[in-house]
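Visitor: My structure file data37.tsv, TSV, C-alpha atoms and all ligand atoms, is below:
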chain	number	residue	atom	x	y	z
T	213	MET	CA	93.14	82.20	118.92
T	214	ARG	CA	91.09	79.05	118.67
T	215	ASN	CA	93.60	76.30	118.39
T	216	THR	CA	92.34	72.74	118.61
T	217	LEU	CA	95.66	71.03	118.27
T	218	ILE	CA	95.55	67.30	117.89
T	219	ASN	CA	98.78	66.04	119.29
T	220	ASN	CA	97.69	62.50	118.99
T	221	CYS	CA	96.51	61.78	115.51
T	222	ILE	CA	98.63	58.69	114.99
T	223	ILE	CA	96.73	55.59	113.89
T	224	ASN	CA	97.54	51.99	113.16
T	225	ASN	CA	96.04	52.32	109.72
T	226	LEU	CA	95.38	48.63	109.09
T	227	GLU	CA	93.64	48.17	112.43
T	228	PHE	CA	91.75	51.42	111.88
T	229	ALA	CA	90.40	50.04	108.59
T	230	GLN	CA	89.64	46.58	109.92
T	231	LYS	CA	87.70	47.99	112.86
T	232	HIS	CA	85.87	50.50	110.65
T	233	GLN	CA	86.94	53.35	112.88
T	234	GLN	CA	86.45	57.02	112.24
T	235	ILE	CA	87.95	60.33	113.34
T	236	ALA	CA	86.20	63.60	112.58
T	237	ASP	CA	88.00	66.64	113.86
T	238	ASN	CA	89.54	69.98	112.98
T	239	PHE	CA	92.74	71.83	113.64
T	240	ALA	CA	94.42	75.13	112.92
T	241	PRO	CA	96.57	75.34	109.76
T	242	ILE	CA	99.22	77.16	111.80
T	243	SER	CA	99.91	73.90	113.60
T	244	LEU	CA	101.22	72.29	110.40
T	245	ASP	CA	104.73	73.71	109.91
T	246	ARG	CA	105.28	73.02	106.22
T	247	LEU	CA	101.80	74.15	105.23
T	248	ALA	CA	101.94	77.24	107.45
T	249	GLN	CA	105.13	78.33	105.67
T	250	THR	CA	103.41	78.37	102.29
T	251	LEU	CA	100.33	80.22	103.55
T	252	ALA	CA	99.87	83.94	104.19
T	253	LEU	CA	98.94	83.43	107.84
T	254	THR	CA	98.77	86.52	110.03
T	255	ALA	CA	97.55	87.11	113.57
T	256	GLU	CA	94.35	88.55	112.08
T	257	ASN	CA	93.46	85.82	109.61
T	258	ALA	CA	94.73	82.76	111.48
T	259	PRO	CA	91.53	82.40	113.56
T	260	LEU	CA	89.50	82.28	110.33
T	261	ALA	CA	91.67	79.60	108.77
T	262	SER	CA	90.55	76.04	109.35
T	263	ILE	CA	91.05	72.44	108.41
T	264	ASN	CA	88.17	70.03	109.02
T	265	PHE	CA	88.54	66.38	108.21
T	266	THR	CA	86.94	63.00	108.51
T	267	ILE	CA	88.91	59.82	108.08
T	268	THR	CA	87.04	56.52	107.91
T	269	GLY	CA	88.35	52.97	107.88
T	270	ASP	CA	86.66	50.33	105.77
T	271	THR	CA	87.13	46.82	104.43
T	272	LYS	CA	84.02	46.34	102.34
T	273	ARG	CA	84.00	48.96	99.64
T	274	PHE	CA	87.05	47.66	97.79
T	275	ARG	CA	87.05	44.25	99.46
T	276	GLN	CA	90.30	45.10	101.17
T	277	PRO	CA	91.37	47.47	103.93
T	278	SER	CA	91.01	51.07	102.88
T	279	LEU	CA	90.87	54.60	104.28
T	280	HIS	CA	88.59	57.38	103.12
T	281	LEU	CA	89.59	60.93	103.81
T	282	ARG	CA	87.58	64.11	103.39
T	283	ILE	CA	89.16	67.50	103.97
T	284	ASN	CA	87.38	70.84	104.07
T	285	SER	CA	89.73	73.70	104.52
T	286	ARG	CA	89.82	77.47	104.39
T	287	LEU	CA	93.34	78.79	103.91
T	288	PRO	CA	94.81	82.30	103.54
T	289	VAL	CA	96.99	82.94	100.48
T	290	ILE	CA	98.16	85.98	98.51
T	291	CYS	CA	96.31	86.81	95.31
T	292	GLN	CA	98.98	86.81	92.61
T	293	ARG	CA	97.23	89.57	90.67
T	294	CYS	CA	96.59	92.24	93.31
T	295	LEU	CA	98.84	90.87	96.09
T	296	GLU	CA	96.07	91.18	98.65
T	297	GLU	CA	95.26	88.44	101.10
T	298	MET	CA	92.49	86.09	100.14
T	299	PHE	CA	91.06	82.79	101.36
T	300	VAL	CA	90.86	79.68	99.26
T	301	ASP	CA	88.39	76.95	100.16
T	302	ILE	CA	89.85	73.58	99.38
T	303	ALA	CA	87.64	70.49	99.63
T	304	LEU	CA	89.27	67.16	98.93
T	305	LYS	CA	88.23	63.54	98.99
T	306	PHE	CA	90.49	60.49	98.82
T	307	ASP	CA	90.12	56.74	98.75
T	308	TYR	CA	93.29	54.94	99.79
T	309	LEU	CA	93.91	51.24	99.56
T	310	LEU	CA	96.19	49.89	102.26
T	311	SER	CA	98.81	47.61	100.83
T	312	ASN	CA	102.54	47.08	101.02
T	313	SER	CA	102.64	46.54	97.31
T	314	GLN	CA	100.86	48.64	94.73
T	315	ALA	CA	97.45	47.07	94.31
T	316	GLU	CA	97.48	45.62	90.81
T	317	ASN	CA	93.75	45.68	90.29
T	318	TYR	CA	93.69	49.41	90.75
T	319	GLU	CA	96.92	50.35	88.98
T	320	ASP	CA	95.16	52.21	86.22
T	321	ASN	CA	92.56	53.79	88.42
T	322	ASP	CA	93.38	57.43	89.05
T	323	GLU	CA	90.53	57.76	91.52
T	324	ILE	CA	92.18	55.46	94.03
T	325	ASP	CA	95.34	56.18	95.94
T	326	TRP	CA	97.53	53.83	97.85
T	327	LEU	CA	99.10	53.91	101.30
T	328	GLU	CA	101.59	51.60	102.94
T	329	ILE	CA	100.43	49.66	105.95
T	330	ASN	CA	101.72	51.63	108.91
T	331	ALA	CA	101.25	51.00	112.62
T	332	GLU	CA	101.96	54.66	113.34
T	333	MET	CA	100.50	56.66	110.51
T	334	ASP	CA	100.24	60.37	111.20
T	335	VAL	CA	96.87	61.53	109.88
T	336	ARG	CA	97.88	65.18	110.21
T	337	GLU	CA	100.94	64.61	108.05
T	338	LEU	CA	98.82	62.92	105.39
T	339	ILE	CA	96.41	65.87	105.43
T	340	GLU	CA	99.31	68.31	105.22
T	341	ASP	CA	100.80	66.48	102.22
T	342	GLU	CA	97.48	66.45	100.39
T	343	LEU	CA	96.83	70.14	101.05
T	344	LEU	CA	100.33	71.11	99.89
T	345	LEU	CA	99.68	69.28	96.62
T	346	ALA	CA	96.24	70.83	96.24
T	347	LEU	CA	97.16	74.45	96.97
T	348	PRO	CA	96.90	76.57	93.82
T	349	ILE	CA	100.34	77.68	92.60
T	350	ALA	CA	99.11	81.11	91.52
T	351	PRO	CA	95.85	81.88	93.33
T	352	VAL	CA	93.85	84.88	92.11
T	353	HIS	CA	90.55	86.38	93.24
T	354	GLU	CA	87.72	84.64	91.45
T	355	ALA	CA	85.39	87.59	91.11
T	356	GLY	CA	87.96	90.21	90.19
T	357	CYS	CA	90.37	91.92	92.51
T	358	SER	CA	89.69	94.70	94.97
T	359	LYS	CA	90.43	98.38	94.46
T	360	HIS	CA	94.10	97.49	94.34
T	361	SER	CA	93.61	95.39	91.26
T	362	MET	CA	95.91	96.11	88.38
T	363	GLN	CA	94.85	97.10	84.93
T	364	SER	CA	96.97	95.59	82.21
T	365	GLY	CA	100.35	97.35	82.04
T	366	GLU	CA	99.87	98.94	85.44
T	367	LYS	CA	102.55	98.35	88.05
T	368	PRO	CA	101.70	96.44	91.22
T	369	ASN	CA	100.49	98.56	94.10
T	370	PRO	CA	103.75	99.34	95.96
T	371	PHE	CA	102.08	99.16	99.35
T	372	ALA	CA	100.64	95.75	98.60
T	373	VAL	CA	104.08	94.57	97.48
T	374	LEU	CA	105.63	95.94	100.65
T	375	LYS	CA	102.99	94.21	102.71
T	376	SER	CA	103.70	90.85	101.12
T	377	LEU	CA	107.44	91.34	101.55
T	378	LYS	CA	107.00	92.06	105.23
T	379	ARG	CA	105.08	88.87	105.58
T	380	LEU	CA	107.96	86.83	104.21
T	381	LYS	CA	110.29	87.88	107.04
M	1	ZN	ZN	93.24	89.84	93.68
Could you spell out this file's structure in structure tokens?
Ligand SMILES: [Zn+2]
Guide:
Amino acid sequence: MRNTLINNCIINNLEFAQKHQQIADNFAPISLDRLAQTLALTAENAPLASINFTITGDTKRFRQPSLHLRINSRLPVICQRCLEEMFVDIALKFDYLLSNSQAENYEDNDEIDWLEINAEMDVRELIEDELLLALPIAPVHEAGCSKHSMQSGEKPNPFAVLKSLKRLK
């Protein structure tokens, strides 16, 4: 399995912003414990699952230190209609202001988030938190389910149910 683990993704976030630094990298979802628990990762689909990200430090855009994070991920989940595995593509973009107090000027701005100044901020943990919030609660196939799909009133395919139960162990 391709597994580009970043063991060292800890940044001094203020310095990172002030120096306009950037990290662009990727890692395997299985390396994030909390996220991996909520996904339907198997030996077969894990190599196809991915998290790509770019984090950029800046001081100019908001005239104060800020971080900009882009995440492009492909994560395996269980379709809640047919109980088959499926992938969701989640692309996210965040602007964070670095401040130890909530930035007043941006209080009412939903587009801008806020992070505490932290000399040892774990970028992977931030990405994990954002993906956990963004994961759909009840994902379903967009273009209709496979042959196992249920008609209204039909019971779930017992083999599909069994399969998803096995995965929980
Ligand atoms: Zn489905």
Visitor: Please, which residues in chain T fall within 10 Å of ligand ZN 1 (chain M) when counting only C-alpha atoms and all ligand atoms, and what is the closest atom pair and distance in Å to one decimal for each, ordered by chain then residue number, as a Markdown table?
Guide:
| residue | atom | partner | partner_atom | distance |
| --- | --- | --- | --- | --- |
| T:Ile290 | CA | M:ZN1 | ZN | 7.9 |
| T:Cys291 | CA | M:ZN1 | ZN | 4.6 |
| T:Gln292 | CA | M:ZN1 | ZN | 6.6 |
| T:Arg293 | CA | M:ZN1 | ZN | 5.0 |
| T:Cys294 | CA | M:ZN1 | ZN | 4.1 |
| T:Leu295 | CA | M:ZN1 | ZN | 6.2 |
| T:Glu296 | CA | M:ZN1 | ZN | 5.9 |
| T:Glu297 | CA | M:ZN1 | ZN | 7.8 |
| T:Met298 | CA | M:ZN1 | ZN | 7.5 |
| T:Pro351 | CA | M:ZN1 | ZN | 8.4 |
| T:Val352 | CA | M:ZN1 | ZN | 5.2 |
| T:His353 | CA | M:ZN1 | ZN | 4.4 |
| T:Glu354 | CA | M:ZN1 | ZN | 7.9 |
| T:Ala355 | CA | M:ZN1 | ZN | 8.6 |
| T:Gly356 | CA | M:ZN1 | ZN | 6.3 |
| T:Cys357 | CA | M:ZN1 | ZN | 3.7 |
| T:Ser358 | CA | M:ZN1 | ZN | 6.2 |
| T:Lys359 | CA | M:ZN1 | ZN | 9.0 |
| T:His360 | CA | M:ZN1 | ZN | 7.7 |
| T:Ser361 | CA | M:ZN1 | ZN | 6.1 |
| T:Met362 | CA | M:ZN1 | ZN | 8.6 |
Visitor: Which value, in Å to one decimal, gives the distance between CA of Thr271 (chain T) and CA of Gln230 (chain T)?
Guide: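 So the answer is 6.0 Å.
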Visitor: Show me the residues close to (101.1, 80.5, 103.3) - anything with an atom within 9 Å, counting all atoms listed in the file - and format the list as an NGL selection string.
Guide: :T and (247-253 or 287-290)
Visitor: Give the answer as one residue: which of T:Ile263, T:Ala331, T:Leu226, T:Ile283 has the shortest atom-to-atom distance to Pro241 (chain T), using all atoms listed in the file?
Guide: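 For Pro241 (chain T), the nearest of the given residues is T:Ile263.
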Visitor: Considering all atoms listed in the file, state which residue in the set T:Asp270, T:Gln234, T:Leu304, T:Asn224 is at the smallest distance from Glu340 (chain T).
Guide: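 Of the candidates, the smallest distance to Glu340 (chain T) is held by T:Leu304.
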Visitor: Would you kindly return, as a count of residues only, each protein, DNA or RNA residue with an atom no farther than 12 Å from any atom of Pro259 (chain T), considering all atoms listed in the file and excluding same-chain residues fewer than 2 positions away?
Guide: 20
Visitor: Interatomic distance between CA of Phe228 (chain T) and CA of Asp301 (chain T)?
Guide: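 Atom-to-atom, CA of Phe228 (chain T) to CA of Asp301 (chain T), that is 28.3 Å.
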Visitor: From the options T:Val300, T:Arg336, T:Phe265, T:Leu309, which residue's atoms come nearest to Ala350 (chain T), counting only C-alpha atoms?
Guide: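 Looking at the shortest contact to Ala350 (chain T), the residue is T:Val300.
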Visitor: Would you mind reading off the distance between CA of Ile329 (chain T) and CA of Glu227 (chain T), one decimal, in Å?
Guide: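 So the two atoms, CA of Ile329 (chain T) and CA of Glu227 (chain T), lie 9.5 Å apart.
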Visitor: Using all atoms listed in the file, which residue out of T:Asp245, T:Asp307, T:Asp341, T:Asp334 lies closest to Arg273 (chain T)?
Guide: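 Among T:Asp245, T:Asp307, T:Asp341, T:Asp334, it is T:Asp307 that comes nearest to Arg273 (chain T).
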Visitor: For Ala236 (chain T), please output as a ChimeraX atom specification all residues within 8 Å (counting only C-alpha atoms; exclusion window: fewer than 6 positions along the same chain).
Guide: /T:264-267
